[in-house]
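**Student:** Below is the file query.cif, with mmCIF, C-alpha atoms.
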data_work
loop_
_atom_site.group_PDB
_atom_site.id
_atom_site.type_symbol
_atom_site.label_atom_id
_atom_site.label_comp_id
_atom_site.auth_asym_id
_atom_site.auth_seq_id
_atom_site.Cartn_x
_atom_site.Cartn_y
_atom_site.Cartn_z
ATOM 1 C CA MET A 1 0.000 0.000 0.000
ATOM 2 C CA LYS A 2 2.866 2.369 0.778
ATOM 3 C CA MET A 3 4.586 1.482 -2.511
ATOM 4 C CA ILE A 4 1.461 2.439 -4.456
ATOM 5 C CA ARG A 5 1.256 5.828 -2.741
ATOM 6 C CA LEU A 6 4.909 6.611 -3.421
ATOM 7 C CA ARG A 7 4.527 5.712 -7.062
ATOM 8 C CA GLY A 8 1.526 8.061 -7.273
ATOM 9 C CA PHE A 9 3.494 10.833 -5.642
ATOM 10 C CA TYR A 10 6.414 10.450 -8.038
ATOM 11 C CA SER A 11 4.077 10.381 -11.011
ATOM 12 C CA ALA A 12 2.437 13.625 -9.905
ATOM 13 C CA ALA A 13 5.810 15.304 -9.344
ATOM 14 C CA ILE A 14 7.097 14.257 -12.758
ATOM 15 C CA TRP A 15 3.897 15.531 -14.346
ATOM 16 C CA LEU A 16 4.273 18.915 -12.611
ATOM 17 C CA LEU A 17 7.907 19.248 -13.700
ATOM 18 C CA LEU A 18 7.013 18.440 -17.285
ATOM 19 C CA SER A 19 4.127 20.911 -17.208
ATOM 20 C CA SER A 20 6.365 23.680 -15.833
ATOM 21 C CA GLY A 21 8.957 23.046 -18.490
ATOM 22 C CA VAL A 22 6.383 23.217 -21.280
ATOM 23 C CA GLN A 23 4.959 26.478 -19.919
ATOM 24 C CA ALA A 24 8.429 28.003 -19.558
ATOM 25 C CA GLU A 25 9.305 27.022 -23.081
ATOM 26 C CA ALA A 26 6.076 28.485 -24.402
ATOM 27 C CA THR A 27 6.751 31.718 -22.552
ATOM 28 C CA SER A 28 10.288 31.946 -23.895
ATOM 29 C CA LEU A 29 9.016 31.317 -27.402
ATOM 30 C CA ASP A 30 6.350 34.025 -27.134
ATOM 31 C CA ALA A 31 8.731 36.692 -25.774
ATOM 32 C CA PRO A 32 10.683 37.344 -28.975
ATOM 33 C CA ARG A 33 7.464 37.906 -30.870
ATOM 34 C CA GLN A 34 6.457 40.710 -28.425
ATOM 35 C CA ALA A 35 9.884 42.419 -28.187
ATOM 36 C CA PRO A 36 10.038 43.837 -31.730
ATOM 37 C CA LEU A 37 6.671 45.495 -31.267
ATOM 38 C CA SER A 38 7.774 47.256 -28.038
ATOM 39 C CA GLN A 39 11.069 48.413 -29.597
ATOM 40 C CA ALA A 40 9.278 49.718 -32.667
ATOM 41 C CA GLN A 41 6.980 51.788 -30.489
ATOM 42 C CA GLN A 42 9.925 53.242 -28.577
ATOM 43 C CA GLN A 43 11.796 54.045 -31.802
ATOM 44 C CA ALA A 44 8.754 55.775 -33.236
ATOM 45 C CA LYS A 45 8.530 58.014 -30.176
ATOM 46 C CA ILE A 46 12.248 58.839 -30.383
ATOM 47 C CA ASP A 47 12.026 59.704 -34.088
ATOM 48 C CA ALA A 48 8.992 61.912 -33.497
ATOM 49 C CA ALA A 49 10.734 63.922 -30.766
ATOM 50 C CA ASP A 50 14.171 64.091 -32.388
ATOM 51 C CA ASP A 51 13.635 67.235 -34.495
ATOM 52 C CA GLU A 52 12.059 69.198 -31.654
ATOM 53 C CA THR A 53 14.849 68.132 -29.293
ATOM 54 C CA ARG A 54 17.541 69.392 -31.673
ATOM 55 C CA LYS A 55 15.759 72.745 -31.956
ATOM 56 C CA LEU A 56 15.507 73.100 -28.182
ATOM 57 C CA LEU A 57 19.167 72.182 -27.692
ATOM 58 C CA SER A 58 20.240 74.701 -30.326
ATOM 59 C CA GLU A 59 18.204 77.481 -28.679
ATOM 60 C CA LEU A 60 19.540 76.521 -25.251
ATOM 61 C CA SER A 61 23.119 76.716 -26.531
ATOM 62 C CA ARG A 62 22.497 80.192 -27.995
ATOM 63 C CA LEU A 63 20.965 81.451 -24.758
ATOM 64 C CA GLU A 64 23.806 80.030 -22.690
ATOM 65 C CA THR A 65 26.361 81.815 -24.901
ATOM 66 C CA ASN A 66 24.545 85.148 -24.548
ATOM 67 C CA THR A 67 24.193 84.665 -20.805
ATOM 68 C CA ARG A 68 27.923 84.039 -20.380
ATOM 69 C CA ARG A 69 28.696 87.154 -22.425
ATOM 70 C CA LEU A 70 26.413 89.362 -20.324
ATOM 71 C CA SER A 71 27.736 87.831 -17.100
ATOM 72 C CA ALA A 72 31.270 88.787 -18.081
ATOM 73 C CA TYR A 73 30.166 92.370 -18.745
ATOM 74 C CA ASN A 74 28.508 92.614 -15.357
ATOM 75 C CA ASP A 75 31.296 91.064 -13.263
ATOM 76 C CA GLU A 76 33.207 94.317 -12.836
ATOM 77 C CA LEU A 77 30.024 96.304 -12.261
ATOM 78 C CA GLU A 78 28.867 93.882 -9.577
ATOM 79 C CA ARG A 79 32.198 94.186 -7.786
ATOM 80 C CA VAL A 80 31.970 97.985 -7.615
ATOM 81 C CA VAL A 81 28.312 98.008 -6.534
ATOM 82 C CA THR A 82 28.981 95.399 -3.852
ATOM 83 C CA HIS A 83 31.951 97.383 -2.594
ATOM 84 C CA GLN A 84 29.867 100.533 -2.278
ATOM 85 C CA ALA A 85 27.035 98.677 -0.517
ATOM 86 C CA ASP A 86 29.499 97.123 1.940
ATOM 87 C CA LEU A 87 31.075 100.523 2.520
ATOM 88 C CA LEU A 88 27.717 102.069 3.398
ATOM 89 C CA GLU A 89 26.908 99.192 5.722
ATOM 90 C CA ARG A 90 30.202 99.575 7.544
ATOM 91 C CA ARG A 91 29.724 103.316 7.839
ATOM 92 C CA GLU A 92 26.234 102.914 9.275
ATOM 93 C CA SER A 93 27.450 100.332 11.781
ATOM 94 C CA ALA A 94 30.294 102.585 12.859
ATOM 95 C CA LEU A 95 27.838 105.384 13.626
ATOM 96 C CA ASP A 96 25.877 103.400 16.225
ATOM 97 C CA SER A 97 27.845 104.979 19.004
ATOM 98 C CA ALA A 98 26.673 108.483 19.903
ATOM 99 C CA THR A 99 30.176 109.579 20.810
ATOM 100 C CA THR A 100 31.656 108.333 17.551
ATOM 101 C CA MET A 101 28.861 109.986 15.631
ATOM 102 C CA GLN A 102 29.423 113.382 17.166
ATOM 103 C CA GLU A 103 33.145 113.280 16.460
ATOM 104 C CA SER A 104 33.262 111.673 13.014
ATOM 105 C CA LEU A 105 29.969 112.565 11.351
ATOM 106 C CA PRO A 106 30.809 115.992 9.852
ATOM 107 C CA PRO A 107 34.043 114.915 8.090
ATOM 108 C CA LEU A 108 32.449 111.621 7.101
ATOM 109 C CA LEU A 109 29.501 113.356 5.430
ATOM 110 C CA ARG A 110 31.839 115.753 3.647
ATOM 111 C CA THR A 111 33.877 112.801 2.323
ATOM 112 C CA LEU A 112 30.782 110.926 1.139
ATOM 113 C CA VAL A 113 29.472 113.974 -0.717
ATOM 114 C CA GLN A 114 32.844 114.571 -2.396
ATOM 115 C CA ARG A 115 33.078 110.947 -3.498
ATOM 116 C CA LEU A 116 29.540 111.049 -4.814
ATOM 117 C CA ASP A 117 30.464 114.114 -6.873
ATOM 118 C CA ARG A 118 33.448 112.245 -8.377
ATOM 119 C CA TRP A 119 31.215 109.233 -9.042
ATOM 120 C CA VAL A 120 28.803 111.327 -11.102
ATOM 121 C CA ASP A 121 31.638 112.986 -13.037
ATOM 122 C CA GLY A 122 33.189 109.645 -13.992
ATOM 123 C CA ASP A 123 29.960 107.763 -14.686
ATOM 124 C CA LEU A 124 27.875 107.438 -17.842
ATOM 125 C CA PRO A 125 26.487 110.857 -18.885
ATOM 126 C CA PHE A 126 22.840 110.148 -18.110
ATOM 127 C CA LEU A 127 20.591 112.522 -16.128
ATOM 128 C CA ARG A 128 23.752 114.534 -15.510
ATOM 129 C CA GLU A 129 22.033 117.796 -14.562
ATOM 130 C CA GLU A 130 19.663 116.070 -12.143
ATOM 131 C CA ARG A 131 22.452 114.143 -10.453
ATOM 132 C CA LYS A 132 24.781 117.127 -10.180
ATOM 133 C CA ALA A 133 21.942 119.168 -8.689
ATOM 134 C CA ARG A 134 21.476 116.439 -6.069
ATOM 135 C CA VAL A 135 25.147 116.733 -5.106
ATOM 136 C CA ASP A 136 24.940 120.529 -4.969
ATOM 137 C CA ASN A 137 21.952 120.296 -2.628
ATOM 138 C CA LEU A 138 23.906 117.986 -0.345
ATOM 139 C CA GLU A 139 26.793 120.446 -0.176
ATOM 140 C CA GLN A 140 24.408 123.221 0.816
ATOM 141 C CA MET A 141 22.787 120.943 3.373
ATOM 142 C CA LEU A 142 26.115 120.308 5.111
ATOM 143 C CA ILE A 143 26.397 123.981 6.071
ATOM 144 C CA ASN A 144 22.743 124.385 7.056
ATOM 145 C CA PRO A 145 22.696 124.949 10.853
ATOM 146 C CA GLU A 146 18.976 124.118 11.068
ATOM 147 C CA LEU A 147 19.567 120.419 10.306
ATOM 148 C CA ASP A 148 20.865 117.983 12.898
ATOM 149 C CA GLY A 149 23.412 115.257 12.239
ATOM 150 C CA ALA A 150 20.866 112.451 11.889
ATOM 151 C CA GLU A 151 18.913 114.247 9.153
ATOM 152 C CA ARG A 152 22.079 115.130 7.257
ATOM 153 C CA LEU A 153 23.231 111.528 7.376
ATOM 154 C CA ASP A 154 19.862 110.293 6.163
ATOM 155 C CA ARG A 155 19.919 112.610 3.139
ATOM 156 C CA VAL A 156 23.474 111.682 2.175
ATOM 157 C CA LEU A 157 22.770 107.942 2.416
ATOM 158 C CA SER A 158 19.548 108.387 0.462
ATOM 159 C CA ALA A 159 21.480 110.068 -2.369
ATOM 160 C CA TRP A 160 24.000 107.219 -2.397
ATOM 161 C CA ARG A 161 21.230 104.602 -2.524
ATOM 162 C CA THR A 162 19.687 106.427 -5.467
ATOM 163 C CA GLU A 163 22.999 106.276 -7.337
ATOM 164 C CA LEU A 164 23.440 102.575 -6.535
ATOM 165 C CA ASP A 165 19.926 101.836 -7.789
ATOM 166 C CA TYR A 166 20.811 103.280 -11.192
ATOM 167 C CA GLY A 167 23.068 100.272 -11.688
ATOM 168 C CA ARG A 168 20.121 97.879 -11.382
ATOM 169 C CA GLU A 169 17.634 99.697 -13.621
ATOM 170 C CA MET A 170 16.700 99.740 -17.292
ATOM 171 C CA ASP A 171 15.500 103.175 -18.346
ATOM 172 C CA ALA A 172 14.361 104.997 -21.500
ATOM 173 C CA TRP A 173 13.625 108.687 -22.064
ATOM 174 C CA ARG A 174 13.620 111.320 -24.770
ATOM 175 C CA GLY A 175 16.089 114.172 -24.527
ATOM 176 C CA MET A 176 18.580 116.359 -26.319
ATOM 177 C CA LEU A 177 21.829 114.945 -27.703
ATOM 178 C CA ASN A 178 24.655 117.474 -27.331
ATOM 179 C CA GLU A 179 21.958 120.167 -27.016
ATOM 180 C CA GLN A 180 21.417 119.926 -30.774
ATOM 181 C CA ARG A 181 18.749 117.350 -31.597
ATOM 182 C CA GLU A 182 16.128 115.279 -29.860
ATOM 183 C CA VAL A 183 16.754 111.524 -29.548
ATOM 184 C CA ASP A 184 15.567 108.539 -27.519
ATOM 185 C CA PHE A 185 18.023 107.361 -24.868
ATOM 186 C CA LEU A 186 18.289 103.794 -23.528
ATOM 187 C CA ARG A 187 20.247 102.923 -20.395
ATOM 188 C CA LEU A 188 21.019 99.374 -19.260
ATOM 189 C CA GLY A 189 22.119 99.857 -15.669
ATOM 190 C CA ARG A 190 25.680 101.109 -15.861
ATOM 191 C CA VAL A 191 26.606 98.593 -18.546
ATOM 192 C CA GLY A 192 25.522 100.619 -21.567
ATOM 193 C CA LEU A 193 24.076 103.950 -22.659
ATOM 194 C CA TYR A 194 22.611 104.295 -26.166
ATOM 195 C CA TYR A 195 20.644 106.730 -28.282
ATOM 196 C CA LEU A 196 18.431 106.360 -31.324
ATOM 197 C CA THR A 197 16.971 109.084 -33.532
ATOM 198 C CA PRO A 198 13.149 109.075 -33.791
ATOM 199 C CA ASN A 199 13.299 107.747 -37.364
ATOM 200 C CA GLY A 200 15.789 105.037 -36.362
ATOM 201 C CA ASP A 201 18.325 106.019 -39.021
ATOM 202 C CA GLU A 202 21.077 106.953 -36.567
ATOM 203 C CA GLY A 203 22.160 105.591 -33.230
ATOM 204 C CA GLY A 204 25.172 105.494 -30.944
ATOM 205 C CA VAL A 205 26.717 103.924 -27.858
ATOM 206 C CA TRP A 206 28.648 105.844 -25.224
ATOM 207 C CA HIS A 207 32.286 104.750 -25.145
ATOM 208 C CA ALA A 208 33.594 105.476 -21.668
ATOM 209 C CA ALA A 209 37.293 104.979 -22.435
ATOM 210 C CA GLN A 210 37.278 107.723 -25.096
ATOM 211 C CA ASN A 211 34.462 109.685 -23.460
ATOM 212 C CA GLU A 212 32.534 109.934 -26.723
ATOM 213 C CA TRP A 213 29.622 108.516 -28.703
ATOM 214 C CA ARG A 214 30.349 105.735 -31.194
ATOM 215 C CA PRO A 215 27.945 105.031 -34.106
ATOM 216 C CA LEU A 216 25.866 101.830 -34.206
ATOM 217 C CA ASN A 217 25.286 99.618 -37.228
ATOM 218 C CA ASP A 218 21.862 98.525 -38.488
ATOM 219 C CA ASP A 219 21.661 95.392 -36.322
ATOM 220 C CA ALA A 220 22.630 97.277 -33.162
ATOM 221 C CA ARG A 221 20.083 100.024 -33.868
ATOM 222 C CA ARG A 222 17.362 97.379 -34.161
ATOM 223 C CA GLN A 223 18.463 95.989 -30.794
ATOM 224 C CA VAL A 224 18.263 99.478 -29.251
ATOM 225 C CA HIS A 225 14.746 99.852 -30.662
ATOM 226 C CA LYS A 226 13.786 96.572 -28.951
ATOM 227 C CA GLY A 227 15.357 97.780 -25.718
ATOM 228 C CA LEU A 228 13.383 101.030 -25.808
ATOM 229 C CA SER A 229 10.145 99.057 -26.213
ATOM 230 C CA ILE A 230 11.077 96.759 -23.317
ATOM 231 C CA ALA A 231 11.973 99.675 -21.035
ATOM 232 C CA ARG A 232 8.626 101.310 -21.829
ATOM 233 C CA ASP A 233 6.698 98.072 -21.099
ATOM 234 C CA GLN A 234 5.677 97.787 -24.742
ATOM 235 C CA ARG A 235 7.477 94.480 -25.309
ATOM 236 C CA ALA A 236 8.250 91.353 -23.311
ATOM 237 C CA PRO A 237 11.790 91.226 -21.840
ATOM 238 C CA GLU A 238 14.415 89.424 -23.924
ATOM 239 C CA LEU A 239 18.172 89.277 -24.359
ATOM 240 C CA LEU A 240 19.729 92.174 -26.242
ATOM 241 C CA GLU A 241 22.974 91.877 -28.170
ATOM 242 C CA LEU A 242 24.575 95.313 -27.883
ATOM 243 C CA PRO A 243 28.091 96.729 -27.495
ATOM 244 C CA VAL A 244 28.948 97.681 -23.941
ATOM 245 C CA ALA A 245 29.959 101.148 -22.834
ATOM 246 C CA ASN A 246 32.564 99.692 -20.428
ATOM 247 C CA PRO A 247 31.686 102.282 -17.774
ATOM 248 C CA LEU A 248 32.679 102.807 -14.147
ATOM 249 C CA GLN A 249 36.443 102.591 -14.552
ATOM 250 C CA ASN A 250 36.918 106.155 -13.343
ATOM 251 C CA ALA A 251 33.804 106.198 -11.183
ATOM 252 C CA GLY A 252 34.797 102.949 -9.507
ATOM 253 C CA ASP A 253 38.230 104.303 -8.684
ATOM 254 C CA ALA A 254 36.650 107.434 -7.266
ATOM 255 C CA GLY A 255 34.363 105.366 -5.068
ATOM 256 C CA ALA A 256 37.112 103.091 -3.788
ATOM 257 C CA ASP A 257 39.681 105.564 -2.530
ATOM 258 C CA SER A 258 39.918 107.448 0.739
#
Could you spell out this file's structure in C-alpha cells?
**Tutor:**
Amino acid sequence: MKMIRLRGFYSAAIWLLLSSGVQAEATSLDAPRQAPLSQAQQQAKIDAADDETRKLLSELSRLETNTRRLSAYNDELERVVTHQADLLERRESALDSATTMQESLPPLLRTLVQRLDRWVDGDLPFLREERKARVDNLEQMLINPELDGAERLDRVLSAWRTELDYGREMDAWRGMLNEQREVDFLRLGRVGLYYLTPNGDEGGVWHAAQNEWRPLNDDARRQVHKGLSIARDQRAPELLELPVANPLQNAGDAGADS
C-alpha cells in the first residue's frame, strides 16, 4: 500500500515538472514575438521627438552663450556696486555709538558727498544735470545749521542709494543729444548707454574709455529699438545683443579711494 502511494506521488511530481517546463518554453518562445513590437513603439517616439529636441538644444546653446557674455560684462560692475554697498553698511554700523557719531559725522559726510560728486563725473552721462543738482543740494545741506546730524546723514545715504539703484535699472527717455537734436536714450544699468533718432536712421553707444559717442550699425540700432520698447513696457523682456559702454572705470576708482 505504501509502494502504491509513493509511485503516485512520483508520477504527480514528474507531471508537474514536465508541465512547468512546457509552460516556460512556451513563454520563452512568445517573448521574442512581443519584443520587436515594443522596440518599434519606442523608436517611433524617439524619431517623433528628435527634431524638436535638436531645436531646443540649439536654442539653449544660444541662450547660454549670450548669458555668459552678459555675465562677463557685469562682473566688474557687480564688484563695484557690492563694494559701495558694503562701505555704506560699515559706515552705518560705525555710527551706532553716539560719541563716535558726534566726532566723526561731519568729516564723514563731507567725504561721502565729495566721493559722490566724483562718481557722477566719472559715470555714464545720463541725467547729468539732475544728479549734479542732487550733489549741490547735499553740499548746501552740510552747512545748514537748522539740520541735525541724523537728518544730514539720512539725506546723504539716500542720495547714495539712489545712485546705486541706477546700476540695477533699465530706463528709456527722450532728450537732447549734445543740445542739438532730440533723440531717444536707452540705459542698461551702468553697462551701456545708447541713443536712437526718432526715425531710427542713426544711433550710438557711449564709449567710456574715449568719453565719446560711437555710431551703431543697423543690427545694433534694431536691438536698441527693442530695448526702448522693453523699457517702456511695450514688449516682453528678452536678451539684447549690444556693445557695452565699459563704464565705471573712473567712477569705480573714485568710489574706492579714501
**Student:** Choose the residue, out of A:Arg214, A:Lys55, A:Met170, A:Asn66, that has the smallest atom-to-atom separation from A:Pro237; count all atoms listed in the file.
**Tutor:**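 Answer, going by the shortest atom-to-atom distance: A:Met170.
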**Student:** Could you check how far atom CA of A:Leu240 sits from atom CA of A:Arg69, in Å to one decimal?
**Tutor:**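 Pair atom CA of A:Leu240 / atom CA of A:Arg69 returns 11.0 Å.
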**Student:** Can you tell me, as a JSON list (two decimals) with C-alpha atoms, keeping the file's coordinate frame, what residues are no more than 12 Å from stretch 203-207 of chain A when counting only C-alpha atoms, ignoring any on the same chain fewer than 2 positions away?
**Tutor:**
[["chain", "number", "residue", "atom", "x", "y", "z"],
["A", 123, "ASP", "CA", 29.96, 107.76, -14.69],
["A", 124, "LEU", "CA", 27.88, 107.44, -17.84],
["A", 125, "PRO", "CA", 26.49, 110.86, -18.89],
["A", 126, "PHE", "CA", 22.84, 110.15, -18.11],
["A", 177, "LEU", "CA", 21.83, 114.94, -27.70],
["A", 182, "GLU", "CA", 16.13, 115.28, -29.86],
["A", 183, "VAL", "CA", 16.75, 111.52, -29.55],
["A", 184, "ASP", "CA", 15.57, 108.54, -27.52],
["A", 185, "PHE", "CA", 18.02, 107.36, -24.87],
["A", 186, "LEU", "CA", 18.29, 103.79, -23.53],
["A", 187, "ARG", "CA", 20.25, 102.92, -20.40],
["A", 188, "LEU", "CA", 21.02, 99.37, -19.26],
["A", 190, "ARG", "CA", 25.68, 101.11, -15.86],
["A", 191, "VAL", "CA", 26.61, 98.59, -18.55],
["A", 192, "GLY", "CA", 25.52, 100.62, -21.57],
["A", 193, "LEU", "CA", 24.08, 103.95, -22.66],
["A", 194, "TYR", "CA", 22.61, 104.30, -26.17],
["A", 195, "TYR", "CA", 20.64, 106.73, -28.28],
["A", 196, "LEU", "CA", 18.43, 106.36, -31.32],
["A", 197, "THR", "CA", 16.97, 109.08, -33.53],
["A", 198, "PRO", "CA", 13.15, 109.08, -33.79],
["A", 199, "ASN", "CA", 13.30, 107.75, -37.36],
["A", 200, "GLY", "CA", 15.79, 105.04, -36.36],
["A", 201, "ASP", "CA", 18.32, 106.02, -39.02],
["A", 209, "ALA", "CA", 37.29, 104.98, -22.44],
["A", 210, "GLN", "CA", 37.28, 107.72, -25.10],
["A", 211, "ASN", "CA", 34.46, 109.68, -23.46],
["A", 212, "GLU", "CA", 32.53, 109.93, -26.72],
["A", 213, "TRP", "CA", 29.62, 108.52, -28.70],
["A", 214, "ARG", "CA", 30.35, 105.74, -31.19],
["A", 215, "PRO", "CA", 27.94, 105.03, -34.11],
["A", 216, "LEU", "CA", 25.87, 101.83, -34.21],
["A", 217, "ASN", "CA", 25.29, 99.62, -37.23],
["A", 218, "ASP", "CA", 21.86, 98.52, -38.49],
["A", 219, "ASP", "CA", 21.66, 95.39, -36.32],
["A", 220, "ALA", "CA", 22.63, 97.28, -33.16],
["A", 221, "ARG", "CA", 20.08, 100.02, -33.87],
["A", 222, "ARG", "CA", 17.36, 97.38, -34.16],
["A", 223, "GLN", "CA", 18.46, 95.99, -30.79],
["A", 224, "VAL", "CA", 18.26, 99.48, -29.25],
["A", 225, "HIS", "CA", 14.75, 99.85, -30.66],
["A", 242, "LEU", "CA", 24.58, 95.31, -27.88],
["A", 243, "PRO", "CA", 28.09, 96.73, -27.50],
["A", 244, "VAL", "CA", 28.95, 97.68, -23.94],
["A", 245, "ALA", "CA", 29.96, 101.15, -22.83],
["A", 246, "ASN", "CA", 32.56, 99.69, -20.43],
["A", 247, "PRO", "CA", 31.69, 102.28, -17.77],
["A", 248, "LEU", "CA", 32.68, 102.81, -14.15],
["A", 249, "GLN", "CA", 36.44, 102.59, -14.55]]
**Student:** So what does the PyMOL selection byres ((chain A and resi 158) around 12) actually pick up in this one, as number ranges by chain?
**Tutor:** A: 88, 112-113, 116, 134-135, 138, 151-157, 159-165
**Student:** Could you state the separation of atom CA of A:Val80 and atom CA of A:Glu169 in Å, given to one decimal place?
**Tutor:**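 Rounded to one decimal, the two atoms are 15.6 Å apart.
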**Student:** Tell me, in Å to one decimal, how far atom CA of A:Glu241 is from atom CA of A:Tyr166.
**Tutor:**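 These two atoms are separated by 20.6 Å.
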